[in-house]
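Below is one structure, written out as structure tokens; comments come after it.
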Amino acid sequence: MLQDILLVVIGLVIGAVIGFLLARHFMKGYFKKNPPINEQMITTLMTSMGRKPNSKQVKQVMSQMNRMKK
């Protein structure tokens with residue numbers, strides 16, 4: 001009786017860990033293919049804040065965003 005309950009609990013824990021690792025792996029691949037923020041979004045954001053961004057500023061923001069991801 002106690003062994004059965006213990007096996008079920010262990011199975012649930014192992015399943016949760018494997019599920020988390022698989023979901024993390026697939027989400028990393030998804031975000032690598034489809035980054036959540038691109039240069040056009042940054043330009044639109046800066047324009048809406050009243051700034052007129054040039055390409056150098058946009059590239060700097062993109063490089064900062066990429067450094068934060070790692």
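So you can find residues: chains in the structure tokens are A, B, ... in the order shown, residues in each start at 1, and ligands are numbered from 1 in order.
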Fewer than 5 positions away in the same chain doesn't count, so skip those; otherwise give me all residues within 12 Å of Ser63 of chain A, counting only C-alpha atoms, as a ChimeraX atom specification.
/A:37-39,42,56-58,68-70
Selected residues, N, CA and C atoms, written as a PDB file, in the first residue's frame, please.
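Dumped to part.pdb:
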```
ATOM      1  N   ILE A  37      10.861  40.704 -29.727  1.00  0.00           N
ATOM      2  CA  ILE A  37      11.024  42.121 -30.048  1.00  0.00           C
ATOM      3  C   ILE A  37      11.971  42.243 -31.237  1.00  0.00           C
ATOM      4  N   ASN A  38      11.553  43.030 -32.229  1.00  0.00           N
ATOM      5  CA  ASN A  38      12.422  43.256 -33.378  1.00  0.00           C
ATOM      6  C   ASN A  38      12.696  44.749 -33.520  1.00  0.00           C
ATOM      7  N   GLU A  39      13.470  45.126 -34.523  1.00  0.00           N
ATOM      8  CA  GLU A  39      13.887  46.511 -34.691  1.00  0.00           C
ATOM      9  C   GLU A  39      12.703  47.429 -34.986  1.00  0.00           C
ATOM     10  N   ILE A  42      11.014  48.342 -31.740  1.00  0.00           N
ATOM     11  CA  ILE A  42      11.798  49.307 -30.969  1.00  0.00           C
ATOM     12  C   ILE A  42      11.640  50.699 -31.567  1.00  0.00           C
ATOM     13  N   LYS A  56      21.538  53.684 -35.428  1.00  0.00           N
ATOM     14  CA  LYS A  56      22.542  53.345 -34.414  1.00  0.00           C
ATOM     15  C   LYS A  56      21.876  53.116 -33.056  1.00  0.00           C
ATOM     16  N   GLN A  57      20.915  53.963 -32.691  1.00  0.00           N
ATOM     17  CA  GLN A  57      20.225  53.799 -31.417  1.00  0.00           C
ATOM     18  C   GLN A  57      19.430  52.501 -31.389  1.00  0.00           C
ATOM     19  N   VAL A  58      18.784  52.187 -32.500  1.00  0.00           N
ATOM     20  CA  VAL A  58      17.991  50.958 -32.574  1.00  0.00           C
ATOM     21  C   VAL A  58      18.901  49.743 -32.440  1.00  0.00           C
ATOM     22  N   MET A  68      20.766  40.642 -22.668  1.00  0.00           N
ATOM     23  CA  MET A  68      19.944  40.316 -21.507  1.00  0.00           C
ATOM     24  C   MET A  68      19.369  38.906 -21.604  1.00  0.00           C
ATOM     25  N   LYS A  69      19.144  38.415 -22.822  1.00  0.00           N
ATOM     26  CA  LYS A  69      18.570  37.075 -23.019  1.00  0.00           C
ATOM     27  C   LYS A  69      19.520  35.982 -22.563  1.00  0.00           C
ATOM     28  N   LYS A  70      20.807  36.188 -22.724  1.00  0.00           N
ATOM     29  CA  LYS A  70      21.785  35.128 -22.451  1.00  0.00           C
ATOM     30  C   LYS A  70      22.067  34.987 -21.021  1.00  0.00           C
TER      31      LYS A  70
END
```
10 Å contact set for Ser55 of chain A, only C-alpha atoms, chain neighbours under 5 positions out, as a PyMOL selection string
chain A and resi 39+43+60-61
Hey, could you make a per-residue contact list for segment 30-49 of chain A against segment 19-25 of chain A with 12 Å as the cut-off, showing the nearest pair of atoms and its distance in Å to one decimal, counting only C-alpha atoms, sorted by chain and number, as JSON lines?
```
{"residue": "A:Tyr30", "atom": "CA", "partner": "A:His25", "partner_atom": "CA", "distance": 8.8}
{"residue": "A:Phe31", "atom": "CA", "partner": "A:His25", "partner_atom": "CA", "distance": 10.2}
{"residue": "A:Lys32", "atom": "CA", "partner": "A:His25", "partner_atom": "CA", "distance": 10.8}
```
Write to file, as a compact mmCIF listing (two decimals), in the first residue's frame, the residues of the selection just made, with N, CA, C and O atoms.
```
# COMPACT_ATOMS: atom_id res chain seq x y z
N TYR A 30 11.56 28.06 -30.06
CA TYR A 30 10.54 28.94 -30.61
C TYR A 30 10.97 30.40 -30.55
O TYR A 30 10.84 31.14 -31.52
N PHE A 31 11.51 30.82 -29.39
CA PHE A 31 11.93 32.21 -29.26
C PHE A 31 13.17 32.52 -30.08
O PHE A 31 13.38 33.67 -30.46
N LYS A 32 13.98 31.53 -30.36
CA LYS A 32 15.14 31.76 -31.23
C LYS A 32 14.67 32.01 -32.66
O LYS A 32 15.19 32.87 -33.36
```
Could you jot down the atom CA of Leu45 of chain A to atom CA of Phe26 of chain A separation for me, Å, one decimal place?
28.7 Å
Extract the full set of helix (DSSP H, G or I) residues from chain A according to DSSP on the backbone, and format it as a PyMOL selection string.
chain A and resi 2-33+39-48+55-69
For those residues, write C-alpha atoms to a file as a PDB file, in the first residue's frame.
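New file out-v7.pdb:
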```pdb
ATOM      1  CA  LEU A   2       2.689   2.511   1.034  1.00  0.00           C
ATOM      2  CA  GLN A   3       4.908   1.356  -1.832  1.00  0.00           C
ATOM      3  CA  ASP A   4       2.138   2.022  -4.352  1.00  0.00           C
ATOM      4  CA  ILE A   5       1.602   5.559  -3.106  1.00  0.00           C
ATOM      5  CA  LEU A   6       5.338   6.185  -3.088  1.00  0.00           C
ATOM      6  CA  LEU A   7       5.685   4.932  -6.669  1.00  0.00           C
ATOM      7  CA  VAL A   8       2.848   7.197  -7.833  1.00  0.00           C
ATOM      8  CA  VAL A   9       4.400  10.233  -6.144  1.00  0.00           C
ATOM      9  CA  ILE A  10       7.833   9.451  -7.596  1.00  0.00           C
ATOM     10  CA  GLY A  11       6.292   8.976 -11.037  1.00  0.00           C
ATOM     11  CA  LEU A  12       4.503  12.332 -10.815  1.00  0.00           C
ATOM     12  CA  VAL A  13       7.694  14.113  -9.777  1.00  0.00           C
ATOM     13  CA  ILE A  14       9.719  12.533 -12.577  1.00  0.00           C
ATOM     14  CA  GLY A  15       6.966  13.341 -15.092  1.00  0.00           C
ATOM     15  CA  ALA A  16       6.826  16.964 -13.958  1.00  0.00           C
ATOM     16  CA  VAL A  17      10.602  17.359 -14.274  1.00  0.00           C
ATOM     17  CA  ILE A  18      10.693  15.795 -17.743  1.00  0.00           C
ATOM     18  CA  GLY A  19       7.701  17.885 -18.842  1.00  0.00           C
ATOM     19  CA  PHE A  20       9.354  21.085 -17.601  1.00  0.00           C
ATOM     20  CA  LEU A  21      12.620  20.304 -19.411  1.00  0.00           C
ATOM     21  CA  LEU A  22      10.847  19.469 -22.681  1.00  0.00           C
ATOM     22  CA  ALA A  23       8.694  22.609 -22.535  1.00  0.00           C
ATOM     23  CA  ARG A  24      11.770  24.723 -21.810  1.00  0.00           C
ATOM     24  CA  HIS A  25      13.638  23.204 -24.751  1.00  0.00           C
ATOM     25  CA  PHE A  26      10.778  23.819 -27.194  1.00  0.00           C
ATOM     26  CA  MET A  27      10.200  27.374 -25.976  1.00  0.00           C
ATOM     27  CA  LYS A  28      13.890  28.256 -26.378  1.00  0.00           C
ATOM     28  CA  GLY A  29      13.758  27.034 -29.965  1.00  0.00           C
ATOM     29  CA  TYR A  30      10.536  28.939 -30.609  1.00  0.00           C
ATOM     30  CA  PHE A  31      11.927  32.208 -29.259  1.00  0.00           C
ATOM     31  CA  LYS A  32      15.137  31.760 -31.227  1.00  0.00           C
ATOM     32  CA  LYS A  33      13.116  31.447 -34.449  1.00  0.00           C
ATOM     33  CA  GLU A  39      13.887  46.511 -34.691  1.00  0.00           C
ATOM     34  CA  GLN A  40      10.577  47.749 -36.054  1.00  0.00           C
ATOM     35  CA  MET A  41       8.956  47.372 -32.621  1.00  0.00           C
ATOM     36  CA  ILE A  42      11.798  49.307 -30.969  1.00  0.00           C
ATOM     37  CA  THR A  43      11.505  52.090 -33.554  1.00  0.00           C
ATOM     38  CA  THR A  44       7.745  52.313 -32.991  1.00  0.00           C
ATOM     39  CA  LEU A  45       8.214  52.363 -29.225  1.00  0.00           C
ATOM     40  CA  MET A  46      10.813  55.123 -29.336  1.00  0.00           C
ATOM     41  CA  THR A  47       8.671  57.157 -31.744  1.00  0.00           C
ATOM     42  CA  SER A  48       5.655  56.841 -29.463  1.00  0.00           C
ATOM     43  CA  SER A  55      19.588  53.205 -36.839  1.00  0.00           C
ATOM     44  CA  LYS A  56      22.542  53.345 -34.414  1.00  0.00           C
ATOM     45  CA  GLN A  57      20.225  53.799 -31.417  1.00  0.00           C
ATOM     46  CA  VAL A  58      17.991  50.958 -32.574  1.00  0.00           C
ATOM     47  CA  LYS A  59      21.004  48.654 -33.008  1.00  0.00           C
ATOM     48  CA  GLN A  60      22.245  49.550 -29.512  1.00  0.00           C
ATOM     49  CA  VAL A  61      18.881  48.708 -27.971  1.00  0.00           C
ATOM     50  CA  MET A  62      18.749  45.419 -29.913  1.00  0.00           C
ATOM     51  CA  SER A  63      22.240  44.436 -28.742  1.00  0.00           C
ATOM     52  CA  GLN A  64      21.265  45.231 -25.137  1.00  0.00           C
ATOM     53  CA  MET A  65      18.161  43.076 -25.478  1.00  0.00           C
ATOM     54  CA  ASN A  66      20.208  40.194 -26.913  1.00  0.00           C
ATOM     55  CA  ARG A  67      22.747  40.455 -24.076  1.00  0.00           C
ATOM     56  CA  MET A  68      19.944  40.316 -21.507  1.00  0.00           C
ATOM     57  CA  LYS A  69      18.570  37.075 -23.019  1.00  0.00           C
TER      58      LYS A  69
END
```
